[in-house]
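**Q** Handing you a structure now.
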2 protein chains.
Amino acid sequence: MSTEETFDIIVVGAGALGVASAFYLQKNNPDKKILLIDRLLAAGQANTAMSAAAVRNMFGSSTNQLLTDTSIKYFEHVQNDLKHELYFEKTGYLWLLSEEQYNSENAKVWMGRMKDSGIQFKVYTKDELKEMIPGLNVDFANDEEAELMNLKEVAYGLFGPDCGVLDPTRLVEHYLEEFKKVSHVKPRFGVNVEKLIVEAVPKLDLPGEPYVWQNKRVTGVKTNKGIFKAETIVLATGAWANELLDPIGIDSQTKTKKRQLFVIHAGEREGLRNLLYTKGFNDLGCIPFTILPSAGVYFRPQLQEKGFWIGCGDKFGRAYKYIMSDEEMVPETSYYENSMYPVLSKYFPDFKDTRATNMWAGGYCYSPDRIPFVYEDHGVIVVNGASGSGIMKADALGRIVDALYRGEEEAQLYGGKRINAKALGQKDRKVDLETAVI
Amino acid sequence: MSTEETFDIIVVGAGALGVASAFYLQKNNPDKKILLIDRLLAAGQANTAMSAAAVRNMFGSSTNQLLTDTSIKYFEHVQNDLKHELYFEKTGYLWLLSEEQYNSENAKVWMGRMKDSGIQFKVYTKDELKEMIPGLNVDFANDEEAELMNLKEVAYGLFGPDCGVLDPTRLVEHYLEEFKKVSHVKPRFGVNVEKLIVEAVPKLDLPGEPYVWQNKRVTGVKTNKGIFKAETIVLATGAWANELLDPIGIDSQTKTKKRQLFVIHAGEREGLRNLLYTKGFNDLGCIPFTILPSAGVYFRPQLQEKGFWIGCGDKFGRAYKYIMSDEEMVPETSYYENSMYPVLSKYFPDFKDTRATNMWAGGYCYSPDRIPFVYEDHGVIVVNGASGSGIMKADALGRIVDALYRGEEEAQLYGGKRINAKALGQKDRKVDLETAVI
């Protein structure tokens with residue numbers, strides 16, 4: 001605990017947002033000494049690794065559209081031009097919607113904004129969907145169970161061809177490798193930040209400093225590996241932000257929620273194989289990432305595993321957590337069996353009697369408006385609240401962090417589009433509302 | 001724990017917001033069985049009792065102006081017409097401002113909005129203030145200590161004559177007495193709500209219910225005195241809202257912060273007595289509630305005690321708390337000595353060498369925009385986030401809770417002004433920003 005080192009910037013958290021921020025900061029501030037740290041033993045091993053790792057530009061908020069669309073285009077560039085394999089597969093996203101959902105005001109705003117922003121999408125009718133997707137059940141008439149379960153019949157499909165899935169570990173590796181090429185300081189792992197250090201400026205060396213009448217700011221971090229000081233601390237800790245920010249009086253306005261994924265292998269089951277290899281939506285010849293009309297249940301194809309990852313965006317009734325404890329990160333078998341499976345098997349009876357062969361849990365970091373935060377406050381730049389879409393916004397958010405650090409009015413995103421560097425701030429927030437939350 | 005009783009409405013929390021809500025709900029829904037409960041042994045004994053209990057209509061947000069101005073007029077009505085003594089004394093509020101503060105954009109918006117809303121205020125110059133207020137120091141020239149402490153010289157005073165102080169216990173008693181006159185159920189104290197009960201609608205009596213595919217809502221509360229069920233739960237628990245709402249997946253968007261008050265008696269000190277009995281601002285012949293230009297330090301006169309209550313609205317550096325624990329509610333002598341006293345004694349040297357004869361601490365409940373929340377979510381009506389101005393908004397907030405319960409589009413406030421019943425909601429919030437936060 002006696003070591004005390006000084007840097008220009010310390011980036012706390014080597015998840016998707018942390019490594020992207022570190023890279024753009026170092027790239028655009030080549031002389032600065034930037035230390036990247038994470039409490040785990042490698043980058044991207046916390047909630048980044050727990051993600052469904054799907055990426056979509058199909059948002060209802062033009063802010064989220066901009067963040068994702070430019071990030072996804074960057075990921076394509078990384079994979080196609082830089083030849084760094086991200087296993088980015090354009091499976092597309094398919095939202096199965098009920099008649100009522102399709103005709104809702106929300107959906108109209110959503111589709112209208114996508115048109116305005118040039119986000120590609122296509123509408124399929126029930127008959128087209130039934131034709132294309134093996135085993136899709138679009139008829140709940142006379143199904144009393146389905147009625148009891150509040151399940152809505154599929155009437156339309158909203159398909160986004162530029163969405164897909166990728167390997168978040170590979171994405172983190174890309175930013176980390178690029179960061180290492182330009183950085184002066186080796187990233188350090190197994191470094192747990194215990195608290196942010198607030199000091200008076202100037203220090204008067206009085207007992208109990210700082211007092212209310214002193215100017216103060218964050219000047220460093222206290223970790224299990226000693227004290228590190230820096231002019232600027234970038235906090236990219238997602239679900240753990242409150243633990244560090246609350247004690248110094250910054251309200252992150254985010255909370256976490258447990259989310260779980262369950263792996264179902266198609267195995268030798270013909271019905272599930274046919275579903276997995278659904279034709280007509282994409283060049284891969286597979287079913288898109290698919291969201292059901294009811295209960296927030298969704299699945300993504302996993303071609304390497306010849307199976308599906310099943311998830312659920314449950315809302316009221318699932319606890320918010322002040323911070324995400326490791327003990328929370330335990331998936332519940334009964335959750336698949338009682339909550340997700342009954343819904344899934346109504347729409348896709350081929351899932352009948354399936355059991356998960358693998359499962360895991362992680363923490364979403366929610367902002368109240370489901371749009372991320374990036375802001376500077378007393379020496380800390382906070383990037384969080386990406387609400388389960390952090391990976392797909394990582395490139396844009398990393399660039400915004402850097403623009404904010406450099407005092408630029410705007411951040412230039414991949415492809416040349418620009419965003420006000422303070423648009424995602426807590427004060428003078430300039431975002432439009434999200435209507436398409438899973 | 002075997003008892004289970006059923007009511008129409010349960011109001012949780014008998015602080016200022018709870019009793020006002022209970023009263024207006026019962027008054028306007030005379031047939032409903034309304035149970036008011038509190039974990040303490042009497043009403044208004046938690047943070048309501050810890051308040052500086054000052055009331056002001058001098059807000060920068062027209063929303064806050066409306067909530068306070070109508071509430072204050074109701075308090076006057078209670079005291080003058082209903083003859084229920086609230087010890088409401090119109091001391092006025094005096095904001096001492098530096099040249100820079102007075103000329104800031106914030107102050108311009110603030111004063112402009114007060115003019116627009118018909119909120120009375122008067123501007124005093126430095127010379128006038130010096131003339132009126134015994135012992136006020138307006139000259140920090142050549143005071144190196146003041147410079148080191150970032151203290152700003154007083155240049156102007158912004159005075160609101162319709163502001164003042166009152167006795168929050170008497171206010172709570174007023175609403176409680178009126179509630180008891182019309183209610184069918186006796187309020188119960190010493191009842192601690194351990195959790196909100198969420199149930200499936202309809203219940204299927206399956207193990208582990210409710211599942212994600214079921215409709216669900218809050219149907220009651222589990223307490224140390226048994227289970228109480230109701231169609232609607234009103235949550236007026238201030239600093240304890242997260243503890244009940246997070247587990248069911250409602251993000252209150254509020255956090256608490258410890259605030260402390262220190263009592264300084266004027267005693268035989270001539271300087272302090274002269275200050276306390278400052279003439280010219282009000283009919284009471286006393287110094288107004290006064291806010292210093294620096295460090296958030298303020299004081300209110302306490303005529304019965306012949307002294308002052310000193311407080312401080314410190315911001316960055318003072319921890320937010322997820323919930324306010326009883327252990328937190330301990331005032332720190334060193335806080336007065338090191339943080340507040342040095343500031344206070346620079347502006348009012350007559351406080352030199354004073355020590356607090358009494359002190360206490362309580363929890364502010366902050367919303368991000370410093371404007372309260374009132375909203376309905378899955379059977380719960382939440383009223384909180386009043387951020388240290390709950391008492392002065394209690395009447396308006398109680399009426400809004402009732403309007404929301406009755407499904408009215410607007411709430412009618414005292415004096416006839418109206419506000420959209422959903423204006424203080426989390427969704428479609430219709431408020432304008434607060435610029436005058438202490």
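Every chain in the structure tokens has a letter given in the order shown (A, B, ...), and although residue numbers restart at 1 in each chain, ligands are simply numbered from 1 in the order shown.
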Within 8 Å of chain A, which residues of chain B show up? Give each one with its shortest atom-to-atom distance in Å (one decimal) and the two atoms involved, counting only C-alpha atoms, rows by chain then rising residue number, as a tab-separated table.

**A**
residue	atom	partner	partner_atom	distance
B:Met149	CA	A:Trp213	CA	5.6
B:Asn150	CA	A:Trp213	CA	6.6
B:Leu151	CA	A:Trp213	CA	7.6
B:Val198	CA	A:Gly317	CA	7.2
B:Tyr211	CA	A:Ser339	CA	5.1
B:Val212	CA	A:Ser339	CA	5.4
B:Trp213	CA	A:Ala295	CA	4.9
B:Gln214	CA	A:Met149	CA	6.0
B:Asn215	CA	A:Asn150	CA	7.7
B:Lys216	CA	A:Gly317	CA	7.8
B:Asp246	CA	A:Tyr320	CA	4.8
B:Pro247	CA	A:Ala319	CA	4.2
B:Ile248	CA	A:Gly317	CA	4.6
B:Gly249	CA	A:Ala319	CA	4.3
B:Ile250	CA	A:Phe316	CA	6.7
B:Asp251	CA	A:Tyr320	CA	7.0
B:Gln253	CA	A:Gln253	CA	6.6
B:Lys255	CA	A:Asp251	CA	7.7
B:Ser294	CA	A:Trp213	CA	7.1
B:Ala295	CA	A:Trp213	CA	4.9
B:Asp314	CA	A:Val212	CA	6.3
B:Lys315	CA	A:Gly249	CA	6.7
B:Phe316	CA	A:Gly249	CA	5.1
B:Gly317	CA	A:Ile248	CA	4.5
B:Arg318	CA	A:Gly249	CA	5.0
B:Ala319	CA	A:Pro247	CA	4.2
B:Tyr320	CA	A:Asp246	CA	4.8
B:Lys321	CA	A:Asp246	CA	6.6
B:Tyr322	CA	A:Tyr322	CA	7.2
B:Asn338	CA	A:Tyr211	CA	6.6
B:Ser339	CA	A:Tyr211	CA	5.1
B:Met340	CA	A:Val212	CA	7.5
B:Val343	CA	A:Trp213	CA	7.2
B:Pro368	CA	A:Gln253	CA	7.6

**Q** Skip stretch 345-356 of chain A itself and residues of its chain fewer than 5 positions away, then list as a list of chain:residue names all residues within 9 Å of it, counting only C-alpha atoms.

**A**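 Returned residues: A:Pro134, A:Gly135, A:Leu136, A:Asn137, A:Val138, A:Asp139, A:Phe140, A:Ala146, A:Leu151, A:Glu153, A:Val154, A:Phe262, A:Val263, A:Ile264, A:His265, A:Ala266, A:Arg269, A:Glu270, A:Gly271, A:Leu272, A:Leu275, A:Leu292, A:Thr333, A:Tyr336, A:Glu337, A:Met340.
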
**Q** Could you list, as a PyMOL selection string, every residue within 10 Å of B:Gly220, counting only C-alpha atoms and ignoring same-chain residues fewer than 4 positions away?

**A** chain B and resi 4-7+9-10+193+195-199+227-233+379-380

**Q** Provide the atom CA of B:Thr91 to atom CA of B:Pro161 distance in Å, to one decimal place.

**A**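 These atoms are spaced 7.2 Å apart.
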
**Q** As a list in words, please: the residues near A:Lys27 (cut-off 12 Å, only C-alpha atoms, same-chain neighbours under 4 positions excluded).

**A**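 The filter keeps Ala20, Ser21, Ala22, Phe23, Asp31, Lys32, Lys33, Ile34, Tyr175, Glu178, Phe179, Lys180, Lys181, Val182, Ser183, His184, Gly398, Arg399, Asp402, Ala403 and Arg406 of chain A.
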
**Q** Keeping only C-alpha atoms, write those residues as a PDB file, in the first residue's frame.

**A**
ATOM      1  CA  ALA A  20     -12.791   1.560 -26.313  1.00  0.00           C
ATOM      2  CA  SER A  21     -12.401   4.693 -24.163  1.00  0.00           C
ATOM      3  CA  ALA A  22      -8.769   3.899 -23.374  1.00  0.00           C
ATOM      4  CA  PHE A  23      -7.982   3.384 -27.053  1.00  0.00           C
ATOM      5  CA  ASP A  31       1.617  12.087 -25.052  1.00  0.00           C
ATOM      6  CA  LYS A  32      -0.607  11.255 -22.121  1.00  0.00           C
ATOM      7  CA  LYS A  33       0.243   8.447 -19.712  1.00  0.00           C
ATOM      8  CA  ILE A  34      -2.910   6.334 -19.558  1.00  0.00           C
ATOM      9  CA  TYR A 175      -9.464  -2.318 -28.665  1.00  0.00           C
ATOM     10  CA  GLU A 178      -4.846  -1.182 -30.532  1.00  0.00           C
ATOM     11  CA  PHE A 179      -4.538   0.553 -27.179  1.00  0.00           C
ATOM     12  CA  LYS A 180      -1.352  -1.336 -26.348  1.00  0.00           C
ATOM     13  CA  LYS A 181       0.194  -0.305 -29.686  1.00  0.00           C
ATOM     14  CA  VAL A 182      -0.054   3.372 -28.778  1.00  0.00           C
ATOM     15  CA  SER A 183       0.048   3.417 -24.986  1.00  0.00           C
ATOM     16  CA  HIS A 184       3.028   4.068 -22.714  1.00  0.00           C
ATOM     17  CA  GLY A 398     -15.322   5.565 -26.461  1.00  0.00           C
ATOM     18  CA  ARG A 399     -15.066   8.437 -28.934  1.00  0.00           C
ATOM     19  CA  ASP A 402     -12.257  11.172 -25.613  1.00  0.00           C
ATOM     20  CA  ALA A 403     -14.007  14.246 -27.047  1.00  0.00           C
ATOM     21  CA  ARG A 406     -10.242  17.014 -24.905  1.00  0.00           C
TER      22      ARG A 406
END

**Q** Among stretch 144-386 of chain B, which residues does DSSP mark as alpha helix (DSSP H) when it is run on the backbone? Keep the chain and numbering as in the structure and answer as a count of residues only.

**A** 41

**Q** DSSP on the backbone, then: every residue of stretch 178-403 of chain B marked strand (DSSP E), written as number ranges by chain.

**A** B: 188-189, 193-200, 216-223, 226-235, 255-265, 289-291, 297-302, 307-312, 320-321, 358-366, 373-377, 380-384

**Q** When you draw a straight line from atom CA of B:Tyr124 to atom CA of B:Val55, how long is it in Å?

**A** 20.7 Å

**Q** Residues at most 12 Å from A:Pro168, counting only C-alpha atoms, excluding those fewer than 4 positions away in the same chain, as number ranges by chain?

**A** A: 15-17, 19, 43-55, 75, 85-88, 172-175, 389-392, 394

**Q** Show me, as a short mmCIF file (atom, residue, chain, number, x, y, z; two decimals) with C-alpha atoms, in the first residue's frame, the residues that have an atom within 6 Å of B:Tyr375 when counting only C-alpha atoms, minus same-chain residues fewer than 6 positions from it.

**A**
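For reference, around_14.cif as written:
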data_model
loop_
_atom_site.label_atom_id
_atom_site.label_comp_id
_atom_site.auth_asym_id
_atom_site.auth_seq_id
_atom_site.Cartn_x
_atom_site.Cartn_y
_atom_site.Cartn_z
CA ILE B 381 -48.49 5.48 -5.79
CA VAL B 382 -45.06 6.85 -4.95
CA GLY B 425 -44.36 11.43 -12.99
#

**Q** Write out as a list in words which residues come within 7 Å of A:Asn192 when counting only C-alpha atoms, dropping same-chain ones fewer than 2 positions away.

**A**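 Using only C-alpha atoms, the neighbours found are Asp38, Arg39, Gly190, Glu194, Thr223 and Asn224 of chain A.
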
**Q** Can you write out the residues you just picked, keeping C-alpha atoms, as an mmCIF file, in the first residue's frame?

**A**
data_model
loop_
_atom_site.group_PDB
_atom_site.id
_atom_site.type_symbol
_atom_site.label_atom_id
_atom_site.label_comp_id
_atom_site.auth_asym_id
_atom_site.auth_seq_id
_atom_site.Cartn_x
_atom_site.Cartn_y
_atom_site.Cartn_z
ATOM 1 C CA ASP A 38 -9.569 -3.966 -14.095
ATOM 2 C CA ARG A 39 -10.339 -5.928 -10.964
ATOM 3 C CA GLY A 190 -6.361 -7.859 -10.689
ATOM 4 C CA GLU A 194 -11.697 0.434 -3.380
ATOM 5 C CA THR A 223 -6.724 0.096 -4.952
ATOM 6 C CA ASN A 224 -5.604 -3.225 -3.540
#

**Q** What's the separation between atom CA of A:Glu177 and atom CA of A:Val165, in Å to one decimal place?

**A**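 Separating atom CA of A:Glu177 from atom CA of A:Val165 is a distance of 21.3 Å.
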